[in-house]
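J.: Data: coords20.txt, compact mmCIF, C-alpha atoms and all ligand atoms.
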```
# COMPACT_ATOMS: atom_id res chain seq x y z
CA MET A 1333 2.17 34.48 -11.32
CA ILE A 1334 -0.22 31.53 -11.37
CA ASN A 1335 1.49 28.19 -10.64
CA ILE A 1336 0.07 25.40 -12.77
CA ALA A 1337 0.68 21.66 -12.28
CA LEU A 1338 0.41 19.81 -15.60
CA PRO A 1339 0.04 16.02 -15.82
CA LYS A 1340 3.11 14.45 -17.46
CA GLY A 1341 2.49 12.36 -20.58
CA ARG A 1342 0.18 12.25 -23.57
CA LEU A 1343 -2.73 13.98 -21.83
CA GLY A 1344 -0.39 16.67 -20.52
CA GLU A 1345 0.78 17.57 -24.02
CA LYS A 1346 -2.85 18.15 -25.04
CA VAL A 1347 -3.51 20.16 -21.88
CA LEU A 1348 -0.47 22.36 -22.52
CA ALA A 1349 -1.60 22.91 -26.12
CA LEU A 1350 -4.99 24.04 -24.81
CA PHE A 1351 -3.44 26.50 -22.33
CA GLU A 1352 -1.21 27.86 -25.11
CA GLN A 1353 -4.16 28.21 -27.46
CA ALA A 1354 -5.93 30.14 -24.71
CA GLY A 1355 -3.03 32.62 -24.73
CA PHE A 1356 -0.91 31.25 -21.87
CA ASP A 1357 2.04 30.17 -23.93
CA CYS A 1358 5.45 29.45 -22.53
CA PRO A 1359 8.36 29.13 -25.00
CA ALA A 1360 10.71 27.83 -22.26
CA ILE A 1361 8.70 24.62 -21.81
CA HIS A 1362 9.49 23.58 -25.41
CA ASP A 1363 13.22 23.59 -24.71
CA PRO A 1364 13.24 22.03 -21.27
CA GLY A 1365 16.85 20.78 -20.85
CA ARG A 1366 16.99 19.58 -17.23
CA ARG A 1367 14.73 22.28 -15.84
CA LEU A 1368 11.54 21.36 -14.04
CA VAL A 1369 9.79 24.72 -13.76
CA PHE A 1370 8.93 26.92 -16.75
CA GLU A 1371 7.95 30.51 -16.44
CA SER A 1372 6.31 32.87 -18.86
CA GLU A 1373 6.37 36.33 -17.37
CA SER A 1374 4.33 37.84 -20.19
CA ALA A 1375 1.54 35.27 -19.80
CA GLY A 1376 1.73 35.39 -16.00
CA VAL A 1377 2.04 31.61 -15.61
CA ARG A 1378 4.57 29.16 -14.21
CA TYR A 1379 4.17 25.54 -15.37
CA PHE A 1380 5.59 22.35 -13.99
CA TRP A 1381 5.07 18.70 -14.96
CA VAL A 1382 4.11 16.20 -12.29
CA LYS A 1383 2.95 12.59 -12.26
CA PRO A 1384 -0.77 12.70 -13.25
CA SER A 1385 -1.84 11.07 -9.99
CA ASP A 1386 0.12 13.70 -7.99
CA VAL A 1387 -1.47 16.82 -9.53
CA ALA A 1388 -4.31 16.94 -6.98
CA ILE A 1389 -1.82 16.77 -4.08
CA TYR A 1390 0.17 19.76 -5.40
CA VAL A 1391 -3.05 21.73 -5.81
CA GLU A 1392 -4.65 20.69 -2.51
CA ARG A 1393 -1.53 21.71 -0.58
CA GLY A 1394 -1.10 24.97 -2.46
CA ALA A 1395 2.21 24.17 -4.22
CA ALA A 1396 0.17 24.79 -7.37
CA ASP A 1397 -2.69 27.28 -7.72
CA LEU A 1398 -4.18 25.37 -10.63
CA GLY A 1399 -3.79 21.88 -12.05
CA VAL A 1400 -5.36 19.40 -14.40
CA ALA A 1401 -6.41 16.06 -12.95
CA GLY A 1402 -8.54 13.17 -14.15
CA LYS A 1403 -12.01 12.81 -12.65
CA ASP A 1404 -10.90 9.28 -11.61
CA ILE A 1405 -8.29 10.75 -9.26
CA LEU A 1406 -10.75 13.34 -7.91
CA LEU A 1407 -13.37 10.67 -7.18
CA GLU A 1408 -10.87 8.27 -5.66
CA TYR A 1409 -8.98 10.64 -3.35
CA GLU A 1410 -11.57 13.41 -2.91
CA PRO A 1411 -8.94 16.16 -2.54
CA ASP A 1412 -10.13 19.40 -0.95
CA VAL A 1413 -9.93 21.53 -4.12
CA TYR A 1414 -12.33 23.41 -6.38
CA GLU A 1415 -13.24 21.70 -9.64
CA LEU A 1416 -13.59 24.61 -12.06
CA LEU A 1417 -14.00 23.12 -15.52
CA ASP A 1418 -14.38 19.91 -17.50
CA LEU A 1419 -11.70 20.23 -20.18
CA GLY A 1420 -13.23 17.42 -22.26
CA LEU A 1421 -9.78 15.86 -22.77
CA GLY A 1422 -8.73 12.33 -21.83
CA ARG A 1423 -12.26 11.05 -22.09
CA CYS A 1424 -12.68 7.45 -20.95
CA ARG A 1425 -14.86 5.56 -18.50
CA MET A 1426 -14.52 3.72 -15.24
CA ALA A 1427 -16.07 0.33 -15.76
CA VAL A 1428 -16.59 -3.09 -14.25
CA ALA A 1429 -15.15 -5.79 -16.50
CA ALA A 1430 -14.93 -9.58 -16.33
CA PRO A 1431 -13.94 -12.54 -18.48
CA ARG A 1432 -16.32 -12.94 -21.41
CA GLY A 1433 -19.31 -15.08 -20.36
CA PHE A 1434 -18.79 -14.41 -16.63
CA TYR A 1435 -21.85 -15.32 -14.57
CA ASP A 1436 -22.33 -13.18 -11.46
CA ASP A 1437 -23.76 -15.28 -8.63
CA GLU A 1438 -25.14 -12.58 -6.35
CA GLU A 1439 -25.21 -14.95 -3.37
CA ARG A 1440 -21.41 -14.98 -3.34
CA THR A 1441 -18.99 -12.29 -2.20
CA LEU A 1442 -17.56 -10.74 -5.35
CA LYS A 1443 -13.78 -10.48 -5.61
CA VAL A 1444 -12.95 -7.09 -7.16
CA ALA A 1445 -9.43 -6.11 -8.24
CA THR A 1446 -8.76 -2.41 -8.73
CA LYS A 1447 -6.47 0.55 -8.31
CA PHE A 1448 -9.54 2.61 -7.39
CA THR A 1449 -10.68 1.01 -4.14
CA ASN A 1450 -12.81 3.94 -2.91
CA ILE A 1451 -14.68 4.25 -6.21
CA ALA A 1452 -15.27 0.48 -6.29
CA ARG A 1453 -16.39 0.33 -2.63
CA ARG A 1454 -18.87 3.17 -3.14
CA TYR A 1455 -20.21 1.65 -6.36
CA TYR A 1456 -20.93 -1.73 -4.76
CA ALA A 1457 -22.19 -0.18 -1.49
CA ARG A 1458 -24.89 1.57 -3.55
CA GLN A 1459 -25.95 -1.89 -4.73
CA SER A 1460 -25.64 -3.38 -1.23
CA ARG A 1461 -23.28 -5.96 -2.68
CA ASP A 1462 -20.70 -7.76 -0.52
CA ILE A 1463 -17.28 -7.49 -2.08
CA ASP A 1464 -13.72 -8.45 -1.31
CA ILE A 1465 -11.43 -5.68 -2.59
CA ILE A 1466 -8.01 -6.57 -3.94
CA HIS A 1467 -5.88 -3.46 -4.35
CA LEU A 1468 -3.43 -3.60 -7.27
CA ASN A 1469 -1.18 -0.89 -8.67
CA GLY A 1470 -1.37 -1.70 -12.37
CA SER A 1471 -2.01 -4.38 -15.03
CA ILE A 1472 -5.38 -4.89 -13.35
CA GLU A 1473 -6.63 -6.99 -16.28
CA LEU A 1474 -4.36 -9.84 -15.21
CA ALA A 1475 -6.33 -10.44 -12.00
CA PRO A 1476 -9.44 -12.16 -13.43
CA ILE A 1477 -7.39 -14.00 -16.05
CA LEU A 1478 -5.34 -15.67 -13.32
CA GLY A 1479 -8.24 -16.16 -10.91
CA LEU A 1480 -7.07 -13.54 -8.43
CA SER A 1481 -10.44 -11.77 -8.77
CA ASP A 1482 -13.86 -12.25 -10.36
CA VAL A 1483 -14.07 -8.77 -11.86
CA ILE A 1484 -12.05 -5.58 -12.16
CA VAL A 1485 -12.98 -1.93 -11.78
CA ASP A 1486 -10.70 -0.01 -14.11
CA ILE A 1487 -10.38 2.65 -16.75
CA VAL A 1488 -11.45 1.71 -20.26
CA GLU A 1489 -10.41 4.02 -23.06
CA THR A 1490 -10.39 2.31 -26.45
CA GLY A 1491 -11.36 -1.09 -25.01
CA ALA A 1492 -8.35 -2.72 -26.70
CA THR A 1493 -6.81 -4.05 -23.48
CA LEU A 1494 -10.07 -5.77 -22.52
CA ARG A 1495 -10.66 -7.17 -26.01
CA GLU A 1496 -7.16 -8.57 -26.36
CA ASN A 1497 -7.49 -10.33 -23.03
CA ASP A 1498 -10.96 -11.82 -23.56
CA LEU A 1499 -12.55 -9.51 -21.05
CA ALA A 1500 -15.73 -7.49 -21.52
CA VAL A 1501 -17.42 -4.53 -19.83
CA LEU A 1502 -20.21 -5.61 -17.45
CA ALA A 1503 -21.26 -2.12 -16.33
CA GLU A 1504 -20.18 1.49 -16.56
CA VAL A 1505 -19.38 3.09 -13.21
CA VAL A 1506 -18.76 6.70 -14.23
CA PRO A 1507 -17.53 8.68 -17.27
CA ILE A 1508 -14.08 10.26 -16.82
CA SER A 1509 -12.34 13.30 -18.30
CA ALA A 1510 -9.68 15.85 -17.33
CA ARG A 1511 -10.75 18.65 -14.97
CA LEU A 1512 -9.24 22.03 -14.18
CA ILE A 1513 -8.85 22.23 -10.41
CA ALA A 1514 -7.86 25.11 -8.12
CA ASN A 1515 -6.41 25.44 -4.65
CA LYS A 1516 -9.11 26.90 -2.39
CA ALA A 1517 -7.00 29.58 -0.69
CA ALA A 1518 -5.33 30.60 -3.97
CA TYR A 1519 -8.76 30.89 -5.55
CA SER A 1520 -9.88 33.35 -2.90
CA PHE A 1521 -6.90 35.72 -3.26
CA LYS A 1522 -6.08 35.23 -6.97
CA HIS A 1523 -9.61 34.68 -8.23
CA GLY A 1524 -9.36 37.41 -10.87
CA ALA A 1525 -6.42 35.74 -12.65
CA ILE A 1526 -7.77 32.23 -12.09
CA ASP A 1527 -11.22 33.08 -13.44
CA MET A 1528 -9.62 34.69 -16.47
CA ILE A 1529 -7.65 31.51 -17.25
CA SER A 1530 -10.70 29.33 -16.64
CA GLU A 1531 -12.93 31.49 -18.87
CA LYS A 1532 -10.41 31.49 -21.73
CA LEU A 1533 -10.05 27.71 -21.53
CA LYS A 1534 -13.82 27.33 -21.39
CA GLY A 1535 -14.11 29.15 -24.69
CA LEU A 1536 -11.99 26.44 -26.34
CA VAL A 1537 -13.54 23.37 -24.76
CA GLN A 1538 -15.79 21.16 -26.91
CA PRO A 1539 -19.17 20.73 -25.21
C1 LIG B 1601 -5.02 1.97 -18.38
C2 LIG B 1601 -6.11 1.11 -17.78
C3 LIG B 1601 -6.24 -0.01 -18.77
C4 LIG B 1601 -5.92 0.67 -20.09
C5 LIG B 1601 -7.20 0.95 -20.82
O1 LIG B 1601 -3.82 1.40 -18.03
O2 LIG B 1601 -5.75 0.66 -16.49
O3 LIG B 1601 -5.31 -1.02 -18.51
O4 LIG B 1601 -5.24 1.91 -19.79
O5 LIG B 1601 -6.99 1.50 -22.11
P1 LIG B 1601 -7.66 0.88 -23.43
O6 LIG B 1601 -9.12 0.69 -23.14
O7 LIG B 1601 -7.41 1.95 -24.47
O8 LIG B 1601 -6.97 -0.40 -23.74
P2 LIG B 1601 -2.44 2.18 -18.09
O9 LIG B 1601 -1.90 2.11 -19.48
O10 LIG B 1601 -2.62 3.53 -17.51
O11 LIG B 1601 -1.50 1.29 -17.17
P3 LIG B 1601 -1.74 0.42 -15.85
O12 LIG B 1601 -2.03 -0.97 -16.32
O13 LIG B 1601 -0.46 0.51 -15.12
O14 LIG B 1601 -2.90 1.00 -15.07
```
As structure tokens, what does this structure read like?

T.:
Amino acid sequence: MINIALPKGRLGEKVLALFEQAGFDCPAIHDPGRRLVFESESAGVRYFWVKPSDVAIYVERGAADLGVAGKDILLEYEPDVYELLDLGLGRCRMAVAAPRGFYDDEERTLKVATKFTNIARRYYARQSRDIDIIHLNGSIELAPILGLSDVIVDIVETGATLRENDLAVLAEVVPISARLIANKAAYSFKHGAIDMISEKLKGLVQP
């Protein structure tokens, strides 16, 4: 049995559909009731849903052999896992955004609000820019509107949230998409089964 942590939510539904298309279907997961773990003996997989930002923790600690996590989470927390495959789902970008018309005075320390403090720190360190990081847990776009920060570093998908709040992208930090990740120890002793799953998924992924 390969234990697979799936990210709960819209992305997770697409990820499950991809696994099922690859032949790892699990009828039980479509009639969940109150159960949390879903097994398909014939496919040799056991799925469970977890909060998207927790997938990497389950995989790193070996509670899951495989999981699907966003590149944003992998870059931010740098979990000690193998990244096997870009699934091409959940495509978006990490970007710097600011109120429309924002002028960046490089002599000043830049106030940056973000959920992704490590990504933001690394990005500005590469530019040797002094920043003051303000860690927020959500609704990051509010920060520059209310003067809490000059800019934000956040995920932009359709761009609707920025547009509707008179914010605009200043720079792209990194493109993001969902990645198949594996626990390192599990990969060494179950690599046959894990490689088979990875190869089948790879055959379905849009380049
Ligand atoms: C994410 C992100 C942006 C929004 C971008 O927020 O932080 O706010 O989606 O999507 P868009 O470009 O399609 O508008 P999420 O909905 O995950 O909630 P959060 O504010 O709690 O981070």

J.: Could you give me, as a list in words, every polymer residue with an atom at most 10 Å away from an atom of ligand LIG 1601 (chain B), counting only C-alpha atoms and all ligand atoms?

T.: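 If we count only C-alpha atoms and all ligand atoms, the neighbours of ligand LIG 1601 (chain B) turn out to be Cys1424, Arg1425, Met1426, Thr1446, Lys1447, Leu1468, Asn1469, Gly1470, Ser1471, Ile1472, Glu1473, Leu1474, Ile1484, Val1485, Asp1486, Ile1487, Val1488, Glu1489, Thr1490, Gly1491, Ala1492, Thr1493, Leu1494, Arg1495, Glu1496 and Asn1497 of chain A.
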
J.: Would you mind reading off the distance between atom CA of Val1506 of chain A and atom CA of Leu1442 of chain A, one decimal, in Å?

T.: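 Spanning atom CA of Val1506 of chain A to atom CA of Leu1442 of chain A is a straight-line distance of 19.6 Å.
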
J.: Would you list the contacts of segment 1519-1521 of chain A as a compact mmCIF listing (two decimals) with C-alpha atoms, in the frame of the given file, taking every protein, DNA or RNA residue within 12 Å and counting all atoms listed in the file, but skipping same-chain residues closer than 2 positions in sequence?

T.:
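Contents of around-v3.txt, freshly written:
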```
# COMPACT_ATOMS: atom_id res chain seq x y z
CA ILE A 1334 -0.22 31.53 -11.37
CA ASN A 1335 1.49 28.19 -10.64
CA VAL A 1391 -3.05 21.73 -5.81
CA GLU A 1392 -4.65 20.69 -2.51
CA GLY A 1394 -1.10 24.97 -2.46
CA ALA A 1396 0.17 24.79 -7.37
CA ASP A 1397 -2.69 27.28 -7.72
CA LEU A 1398 -4.18 25.37 -10.63
CA VAL A 1413 -9.93 21.53 -4.12
CA TYR A 1414 -12.33 23.41 -6.38
CA GLU A 1415 -13.24 21.70 -9.64
CA LEU A 1416 -13.59 24.61 -12.06
CA ILE A 1513 -8.85 22.23 -10.41
CA ALA A 1514 -7.86 25.11 -8.12
CA ASN A 1515 -6.41 25.44 -4.65
CA LYS A 1516 -9.11 26.90 -2.39
CA ALA A 1517 -7.00 29.58 -0.69
CA HIS A 1523 -9.61 34.68 -8.23
CA GLY A 1524 -9.36 37.41 -10.87
CA ALA A 1525 -6.42 35.74 -12.65
CA ILE A 1526 -7.77 32.23 -12.09
CA ASP A 1527 -11.22 33.08 -13.44
CA MET A 1528 -9.62 34.69 -16.47
CA ILE A 1529 -7.65 31.51 -17.25
CA SER A 1530 -10.70 29.33 -16.64
```

J.: Could you tell me how far atom CA of Asp1482 of chain A lies from atom CA of Ile1405 of chain A, in Å and to one decimal?

T.: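 Atom CA of Ile1405 of chain A lies at a distance of 23.7 Å from atom CA of Asp1482 of chain A.
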
J.: From the options A:Leu1407, A:Leu1350, A:Leu1478, A:Ala1510, which residue's atoms come nearest to Gly1422 of chain A, counting all atoms listed in the file?

T.: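 Counting all atoms listed in the file, the residue closest to Gly1422 of chain A is A:Ala1510.
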
J.: In Å to one decimal, how far is atom CA of Val1444 of chain A from atom CA of Arg1511 of chain A?

T.: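 That distance, rounded to one decimal, is 27.0 Å.
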
J.: List as a list in words the residues having at least one atom at most 8 Å from position (-8.7, 12.6, -20.7) as given in the file, counting only C-alpha atoms.

T.: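 Within the cut-off we find Leu1343, Gly1402, Gly1420, Leu1421, Gly1422, Arg1423, Cys1424, Ile1508, Ser1509 and Ala1510 of chain A.
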
J.: Name the closest residue to Tyr1455 of chain A among the candidates A:Pro1431, A:Leu1499, A:Gln1353, A:Glu1408; distances are taken between atoms, counting only C-alpha atoms.

T.: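 Nearest candidate to Tyr1455 of chain A out of A:Pro1431, A:Leu1499, A:Gln1353, A:Glu1408: A:Glu1408.
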
J.: Anything within 6 Å of (-9.7, 28.2, -27.4): list those residues as a CSV table (one decimal) with C-alpha atoms, in the frame of the given file, counting all atoms listed in the file and sticking to the file's coordinates.

T.:
```
chain,number,residue,atom,x,y,z
A,1353,GLN,CA,-4.2,28.2,-27.5
A,1354,ALA,CA,-5.9,30.1,-24.7
A,1533,LEU,CA,-10.0,27.7,-21.5
A,1535,GLY,CA,-14.1,29.2,-24.7
A,1536,LEU,CA,-12.0,26.4,-26.3
```

J.: Point out the residue among A:Val1369, A:Ile1463, A:Asp1418, A:Val1505 with the least atom-to-atom distance to Lys1534 of chain A, counting all atoms listed in the file.

T.: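 When distances to Lys1534 of chain A are compared using all atoms listed in the file, the smallest one comes from A:Asp1418.
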
J.: Ranking A:Leu1338, A:Ile1466, A:Leu1417, A:Ala1503 by minimum distance to Gly1479 of chain A and counting all atoms listed in the file, which one comes first?

T.: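 Under the stated criterion, the closest residue is A:Ile1466.
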
J.: Could you pull the residues within 9 Å of Thr1441 of chain A, counting all atoms listed in the file, minus those fewer than 5 positions along the same chain, as an mmCIF file with C-alpha atoms, keeping the file's coordinate frame?

T.:
```
data_model
loop_
_atom_site.group_PDB
_atom_site.id
_atom_site.type_symbol
_atom_site.label_atom_id
_atom_site.label_comp_id
_atom_site.auth_asym_id
_atom_site.auth_seq_id
_atom_site.Cartn_x
_atom_site.Cartn_y
_atom_site.Cartn_z
ATOM 1 C CA ARG A 1461 -23.280 -5.960 -2.680
ATOM 2 C CA ASP A 1462 -20.700 -7.760 -0.520
ATOM 3 C CA ILE A 1463 -17.280 -7.490 -2.080
ATOM 4 C CA ASP A 1464 -13.720 -8.450 -1.310
#
```

J.: The centre and edge lengths of an axis-aligned box containing all atoms of segment 1403-1410 of chain A present in the file, extended by 8 Å on each side, are to be given in Å to one decimal, as JSON.

T.:
```
{"center_x": -10.8, "center_y": 10.8, "center_z": -7.8, "size_x": 21.1, "size_y": 21.1, "size_z": 25.7}
```

J.: So, with all atoms listed in the file as the atoms that count, which of A:Ala1500, A:Ile1336, A:Gly1341, A:Gly1399 lies closest to Tyr1379 of chain A?

T.: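 Distance minimum relative to Tyr1379 of chain A lands on A:Ile1336.
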
J.: Could you tell me which of A:Ala1430, A:Tyr1409, A:Arg1393, A:Phe1351 comes closest to Glu1531 of chain A if we count all atoms listed in the file?

T.: A:Phe1351

J.: So that I can see what lies close to Pro1411 of chain A, please list as JSON, numbers by chain the residues with an atom at most 8 Å from it, counting all atoms listed in the file and leaving out residues fewer than 4 positions away in the same chain.

T.: {"A": [1388, 1389, 1392, 1406]}
